[in-house]
>>> print(open('work.pdb').read())   # PDB, C-alpha atoms, pLDDT in the B column
ATOM      1  CA  MET A   1     171.493-156.024 124.109  1.00 58.00           C
ATOM      2  CA  LEU A   2     167.728-155.680 124.554  1.00 68.00           C
ATOM      3  CA  PRO A   3     165.180-154.547 121.988  1.00 75.00           C
ATOM      4  CA  HIS A   4     165.915-150.907 121.141  1.00 76.00           C
ATOM      5  CA  LEU A   5     168.814-150.718 123.632  1.00 85.00           C
ATOM      6  CA  TYR A   6     172.180-150.272 121.934  1.00 87.00           C
ATOM      7  CA  LEU A   7     175.759-150.432 123.191  1.00 91.00           C
ATOM      8  CA  ASP A   8     177.977-148.306 120.951  1.00 91.00           C
ATOM      9  CA  GLU A   9     181.734-147.971 121.056  1.00 95.00           C
ATOM     10  CA  GLU A  10     184.064-145.720 119.125  1.00 94.00           C
ATOM     11  CA  VAL A  11     187.857-145.513 119.238  1.00 95.00           C
ATOM     12  CA  SER A  12     189.975-143.025 117.286  1.00 93.00           C
ATOM     13  CA  LEU A  13     193.721-142.938 116.867  1.00 91.00           C
ATOM     14  CA  GLY A  14     195.490-140.125 115.085  1.00 90.00           C
ATOM     15  CA  PHE A  15     199.115-139.506 114.231  1.00 90.00           C
ATOM     16  CA  GLY A  16     200.619-136.507 112.483  1.00 88.00           C
ATOM     17  CA  TYR A  17     204.146-135.335 111.884  1.00 85.00           C
ATOM     18  CA  ASN A  18     205.287-131.725 112.123  1.00 83.00           C
ATOM     19  CA  LEU A  19     201.734-130.368 112.048  1.00 83.00           C
ATOM     20  CA  PRO A  20     201.099-126.607 112.094  1.00 86.00           C
ATOM     21  CA  GLU A  21     199.034-125.375 115.053  1.00 84.00           C
ATOM     22  CA  PRO A  22     195.607-125.251 113.309  1.00 85.00           C
ATOM     23  CA  PHE A  23     195.884-128.928 112.292  1.00 87.00           C
ATOM     24  CA  ARG A  24     196.982-130.408 115.618  1.00 90.00           C
ATOM     25  CA  PHE A  25     194.691-132.754 117.556  1.00 89.00           C
ATOM     26  CA  ASN A  26     193.029-131.181 120.600  1.00 88.00           C
ATOM     27  CA  LEU A  27     190.432-133.602 122.055  1.00 88.00           C
ATOM     28  CA  ASP A  28     187.351-131.553 121.176  1.00 87.00           C
ATOM     29  CA  GLU A  29     185.320-134.734 121.767  1.00 89.00           C
ATOM     30  CA  LEU A  30     185.514-134.137 125.519  1.00 91.00           C
ATOM     31  CA  GLN A  31     182.773-131.752 126.632  1.00 91.00           C
ATOM     32  CA  SER A  32     183.488-131.143 130.335  1.00 91.00           C
ATOM     33  CA  PHE A  33     187.155-130.091 130.469  1.00 92.00           C
ATOM     34  CA  TYR A  34     187.379-126.379 131.319  1.00 89.00           C
ATOM     35  CA  HIS A  35     189.880-124.306 133.245  1.00 85.00           C
ATOM     36  CA  LYS A  36     189.676-120.918 134.923  1.00 84.00           C
ATOM     37  CA  THR A  37     191.599-118.103 133.249  1.00 85.00           C
ATOM     38  CA  GLU A  38     193.497-115.360 135.079  1.00 87.00           C
ATOM     39  CA  GLU A  39     190.487-113.087 134.564  1.00 89.00           C
ATOM     40  CA  GLY A  40     188.277-115.595 136.391  1.00 85.00           C
ATOM     41  CA  LYS A  41     186.401-116.789 133.296  1.00 89.00           C
ATOM     42  CA  TRP A  42     185.883-120.463 132.448  1.00 89.00           C
ATOM     43  CA  GLU A  43     187.445-121.510 129.159  1.00 88.00           C
ATOM     44  CA  LYS A  44     187.350-124.840 127.343  1.00 89.00           C
ATOM     45  CA  ALA A  45     190.621-126.706 127.789  1.00 87.00           C
ATOM     46  CA  HIS A  46     192.455-127.835 124.676  1.00 85.00           C
ATOM     47  CA  PHE A  47     195.057-130.553 124.690  1.00 88.00           C
ATOM     48  CA  PRO A  48     197.113-130.032 121.510  1.00 89.00           C
ATOM     49  CA  GLY A  49     199.346-132.760 120.210  1.00 89.00           C
ATOM     50  CA  THR A  50     200.442-134.649 117.136  1.00 90.00           C
ATOM     51  CA  VAL A  51     199.375-138.050 118.499  1.00 91.00           C
ATOM     52  CA  LYS A  52     195.853-138.675 119.776  1.00 92.00           C
ATOM     53  CA  LEU A  53     193.826-141.530 121.226  1.00 93.00           C
ATOM     54  CA  SER A  54     190.172-141.048 122.102  1.00 94.00           C
ATOM     55  CA  GLY A  55     187.177-143.236 122.667  1.00 95.00           C
ATOM     56  CA  ARG A  56     183.544-143.322 123.687  1.00 96.00           C
ATOM     57  CA  LEU A  57     181.311-146.046 125.079  1.00 96.00           C
ATOM     58  CA  SER A  58     177.593-145.316 125.188  1.00 95.00           C
ATOM     59  CA  LEU A  59     174.382-147.064 126.061  1.00 94.00           C
ATOM     60  CA  SER A  60     171.625-145.550 123.939  1.00 90.00           C
ATOM     61  CA  LEU A  61     167.881-145.895 123.826  1.00 84.00           C
ATOM     62  CA  PRO A  62     165.719-144.375 121.101  1.00 76.00           C
ATOM     63  CA  ALA A  63     163.050-142.520 123.079  1.00 74.00           C
ATOM     64  CA  LYS A  64     160.806-141.855 120.101  1.00 69.00           C
ATOM     65  CA  ARG A  65     161.128-143.247 116.568  1.00 66.00           C
ATOM     66  CA  GLU A  66     159.451-142.503 113.247  1.00 67.00           C
ATOM     67  CA  MET A  67     158.020-139.213 114.501  1.00 66.00           C
ATOM     68  CA  ASP A  68     157.905-137.016 111.374  1.00 68.00           C
ATOM     69  CA  TYR A  69     157.380-133.964 113.591  1.00 65.00           C
ATOM     70  CA  ASP A  70     157.351-130.800 111.483  1.00 65.00           C
ATOM     71  CA  LEU A  71     159.138-127.692 112.842  1.00 66.00           C
ATOM     72  CA  ALA A  72     157.511-124.720 111.092  1.00 68.00           C
ATOM     73  CA  ASN A  73     158.246-126.205 107.642  1.00 72.00           C
ATOM     74  CA  LEU A  74     161.985-125.672 108.267  1.00 74.00           C
ATOM     75  CA  ALA A  75     162.915-129.137 109.501  1.00 78.00           C
ATOM     76  CA  VAL A  76     161.408-132.515 110.342  1.00 82.00           C
ATOM     77  CA  ILE A  77     162.375-134.415 113.498  1.00 85.00           C
ATOM     78  CA  ASP A  78     162.439-138.159 112.794  1.00 84.00           C
ATOM     79  CA  GLU A  79     163.823-139.624 116.001  1.00 85.00           C
ATOM     80  CA  VAL A  80     164.789-138.725 119.556  1.00 88.00           C
ATOM     81  CA  ARG A  81     167.624-140.677 121.199  1.00 89.00           C
ATOM     82  CA  GLN A  82     169.013-140.623 124.701  1.00 93.00           C
ATOM     83  CA  ALA A  83     172.318-142.067 125.896  1.00 94.00           C
ATOM     84  CA  LEU A  84     174.564-142.593 128.905  1.00 96.00           C
ATOM     85  CA  PHE A  85     178.246-142.418 127.988  1.00 96.00           C
ATOM     86  CA  LEU A  86     181.859-142.673 129.077  1.00 97.00           C
ATOM     87  CA  ALA A  87     184.335-140.725 126.937  1.00 96.00           C
ATOM     88  CA  GLY A  88     188.067-140.380 127.282  1.00 95.00           C
ATOM     89  CA  GLY A  89     191.238-139.492 125.505  1.00 94.00           C
ATOM     90  CA  GLN A  90     194.798-138.325 125.572  1.00 93.00           C
ATOM     91  CA  SER A  91     197.076-136.432 123.214  1.00 92.00           C
ATOM     92  CA  TRP A  92     200.866-136.323 123.085  1.00 90.00           C
ATOM     93  CA  GLU A  93     203.454-134.124 121.391  1.00 86.00           C
ATOM     94  CA  VAL A  94     205.529-136.964 119.947  1.00 83.00           C
ATOM     95  CA  PHE A  95     205.039-140.691 119.558  1.00 79.00           C
ATOM     96  CA  GLU A  96     207.740-141.474 122.137  1.00 81.00           C
ATOM     97  CA  ASP A  97     205.788-139.626 124.884  1.00 82.00           C
ATOM     98  CA  ILE A  98     202.849-142.050 124.832  1.00 84.00           C
ATOM     99  CA  GLY A  99     201.717-142.885 128.355  1.00 84.00           C
ATOM    100  CA  PHE A 100     198.442-142.857 130.226  1.00 82.00           C
ATOM    101  CA  GLY A 101     199.402-140.984 133.384  1.00 84.00           C
ATOM    102  CA  ASN A 102     197.186-138.000 132.521  1.00 86.00           C
ATOM    103  CA  PHE A 103     194.354-139.791 130.705  1.00 92.00           C
ATOM    104  CA  LYS A 104     191.160-137.709 130.574  1.00 94.00           C
ATOM    105  CA  LEU A 105     187.825-139.401 131.339  1.00 95.00           C
ATOM    106  CA  GLU A 106     184.293-138.050 131.599  1.00 95.00           C
ATOM    107  CA  ALA A 107     180.814-139.499 132.001  1.00 97.00           C
ATOM    108  CA  GLY A 108     177.431-138.057 131.181  1.00 96.00           C
ATOM    109  CA  PHE A 109     174.124-138.305 129.423  1.00 96.00           C
ATOM    110  CA  GLU A 110     172.714-136.669 126.328  1.00 95.00           C
ATOM    111  CA  GLY A 111     169.632-136.374 124.188  1.00 94.00           C
ATOM    112  CA  GLU A 112     169.830-136.181 120.420  1.00 92.00           C
ATOM    113  CA  PHE A 113     167.164-135.041 117.980  1.00 89.00           C
ATOM    114  CA  VAL A 114     167.678-136.541 114.526  1.00 87.00           C
ATOM    115  CA  GLY A 115     165.914-135.178 111.486  1.00 87.00           C
ATOM    116  CA  ARG A 116     166.286-133.538 108.132  1.00 86.00           C
ATOM    117  CA  THR A 117     166.008-130.044 106.705  1.00 82.00           C
ATOM    118  CA  LEU A 118     165.497-128.339 103.332  1.00 75.00           C
ATOM    119  CA  GLY A 119     162.886-130.813 102.155  1.00 71.00           C
ATOM    120  CA  GLY A 120     164.839-133.850 103.359  1.00 70.00           C
ATOM    121  CA  LEU A 121     167.992-132.847 101.507  1.00 78.00           C
ATOM    122  CA  PHE A 122     170.283-132.467 104.549  1.00 83.00           C
ATOM    123  CA  PRO A 123     170.371-134.544 107.728  1.00 88.00           C
ATOM    124  CA  LEU A 124     170.172-132.580 110.975  1.00 87.00           C
ATOM    125  CA  HIS A 125     171.399-133.598 114.444  1.00 89.00           C
ATOM    126  CA  PHE A 126     170.780-131.424 117.514  1.00 91.00           C
ATOM    127  CA  THR A 127     172.338-132.565 120.798  1.00 94.00           C
ATOM    128  CA  ILE A 128     171.927-131.400 124.387  1.00 96.00           C
ATOM    129  CA  GLY A 129     173.796-133.100 127.190  1.00 96.00           C
ATOM    130  CA  PHE A 130     175.582-133.038 130.512  1.00 97.00           C
ATOM    131  CA  ALA A 131     179.155-134.262 131.121  1.00 96.00           C
ATOM    132  CA  TYR A 132     181.279-134.530 134.251  1.00 96.00           C
ATOM    133  CA  PRO A 133     185.085-135.023 134.250  1.00 95.00           C
ATOM    134  CA  PHE A 134     186.548-137.759 136.468  1.00 92.00           C
ATOM    135  CA  LEU A 135     190.198-138.127 135.469  1.00 91.00           C
ATOM    136  CA  GLY A 136     192.863-135.793 134.079  1.00 88.00           C
ATOM    137  CA  ILE A 137     191.682-132.549 135.661  1.00 87.00           C
ATOM    138  CA  GLU A 138     192.496-130.681 138.864  1.00 87.00           C
ATOM    139  CA  PRO A 139     189.837-131.046 141.596  1.00 86.00           C
ATOM    140  CA  GLU A 140     189.111-127.297 141.668  1.00 85.00           C
ATOM    141  CA  ASN A 141     188.225-127.392 137.949  1.00 84.00           C
ATOM    142  CA  ARG A 142     186.092-130.537 138.217  1.00 90.00           C
ATOM    143  CA  ARG A 143     182.489-129.533 137.587  1.00 90.00           C
ATOM    144  CA  GLY A 144     179.722-130.733 135.347  1.00 92.00           C
ATOM    145  CA  ARG A 145     178.920-128.935 132.107  1.00 94.00           C
ATOM    146  CA  ILE A 146     175.796-128.650 130.013  1.00 95.00           C
ATOM    147  CA  TYR A 147     176.554-128.621 126.305  1.00 94.00           C
ATOM    148  CA  PHE A 148     174.724-128.140 123.018  1.00 94.00           C
ATOM    149  CA  GLY A 149     175.639-129.181 119.512  1.00 91.00           C
ATOM    150  CA  VAL A 150     174.302-128.991 115.980  1.00 90.00           C
ATOM    151  CA  ARG A 151     175.595-131.133 113.130  1.00 86.00           C
ATOM    152  CA  LEU A 152     174.801-130.408 109.507  1.00 81.00           C
ATOM    153  CA  PRO A 153     176.618-131.713 106.431  1.00 74.00           C
ATOM    154  CA  LEU A 154     179.801-129.800 105.620  1.00 67.00           C
ATOM    155  CA  LEU A 155     179.863-128.044 109.030  1.00 56.00           C
TER     156      LEU A 155
END
>>> encode(input="work.pdb", output="C-alpha cells")
Amino acid sequence: MLPHLYLDEEVSLGFGYNLPEPFRFNLDELQSFYHKTEEGKWEKAHFPGTVKLSGRLSLSLPAKREMDYDLANLAVIDEVRQALFLAGGQSWEVFEDIGFGNFKLEAGFEGEFVGRTLGGLFPLHFTIGFAYPFLGIEPENRRGRIYFGVRLPLL
C-alpha cells in the first residue's frame, strides 16, 4: 500500500471426518470470545466442529526494524510490528450444516516483538493485543479482551 504499510490476509478452511474430541477444530484464532460459567468465572469459548472456516485481515506497520536489541543475553529483538485487524470464523459439526447465521467476528489491534533466542537458533514471537467481539456472541458476553502470546518453534 504505502512504504512499510502492509495489508495481510489469511483464510483457512479445514475439513475432518469422524474426528475424536482432541483433534476437532475449535477456532482458537479468535481471542475475544469468552462466556461466563455457572460459578461466575469467565472462560474462553470453544466452538468445536469437524468443518472450519476462519480468516484474518490486518493492516500492519513495522514500528521499529533492524533493532538488534539484546535482552540479557537470552534473546535478541529484531523488529517491533503493530497491526489493526479483523478476524472471523465459524465451525460446523458436519459439512451439510454450513451456513453463516452465527458467524463470529472480532476487531482489534496488537503489537508483536520479533526476534531470536539461543544464539539465533530459534525464532521468537511475543504478541500483546486487544480484541473486541462484534458478531456471534450474546450482548452480555461482549467485552474486549487483552491477550498475550508467545510462539517458539515446535510449541
>>> resolve_selection(input="work.pdb", expression="the PyMOL selection byres ((chain A and resi 36) around 12)", output="NGL selection string")
:A and (33-35 or 37-45 or 137-138 or 140-143)
>>> residues_around(input="work.pdb", residues="segment 87-93 of chain A", least_positions_apart="3", cutoff="7 Å", atoms="all atoms listed in the file", output="ChimeraX atom specification")
/A:27,30,47-57,97-98,103-107
>>> atom_distance(input="work.pdb", atom1="atom CA of Ala63 of chain A", atom2="atom CA of Ser12 of chain A")
27.5 Å
>>> closest_residue(input="work.pdb", among="A:Asp78, A:Glu29, A:Glu10, A:Glu112", to="Ser60 of chain A", atoms="only C-alpha atoms")
A:Glu112
>>> closest_residue(input="work.pdb", among="A:Phe15, A:His4, A:Gly136, A:Asn73", to="Glu96 of chain A", atoms="only C-alpha atoms")
A:Phe15
>>> residues_around(input="work.pdb", residues="Phe122 of chain A", least_positions_apart="3", cutoff="10 Å", atoms="all atoms listed in the file", output="list in words")
Ala75, Gly115, Arg116, Thr117, Leu118, Gly119, Leu152, Pro153 and Leu154 of chain A
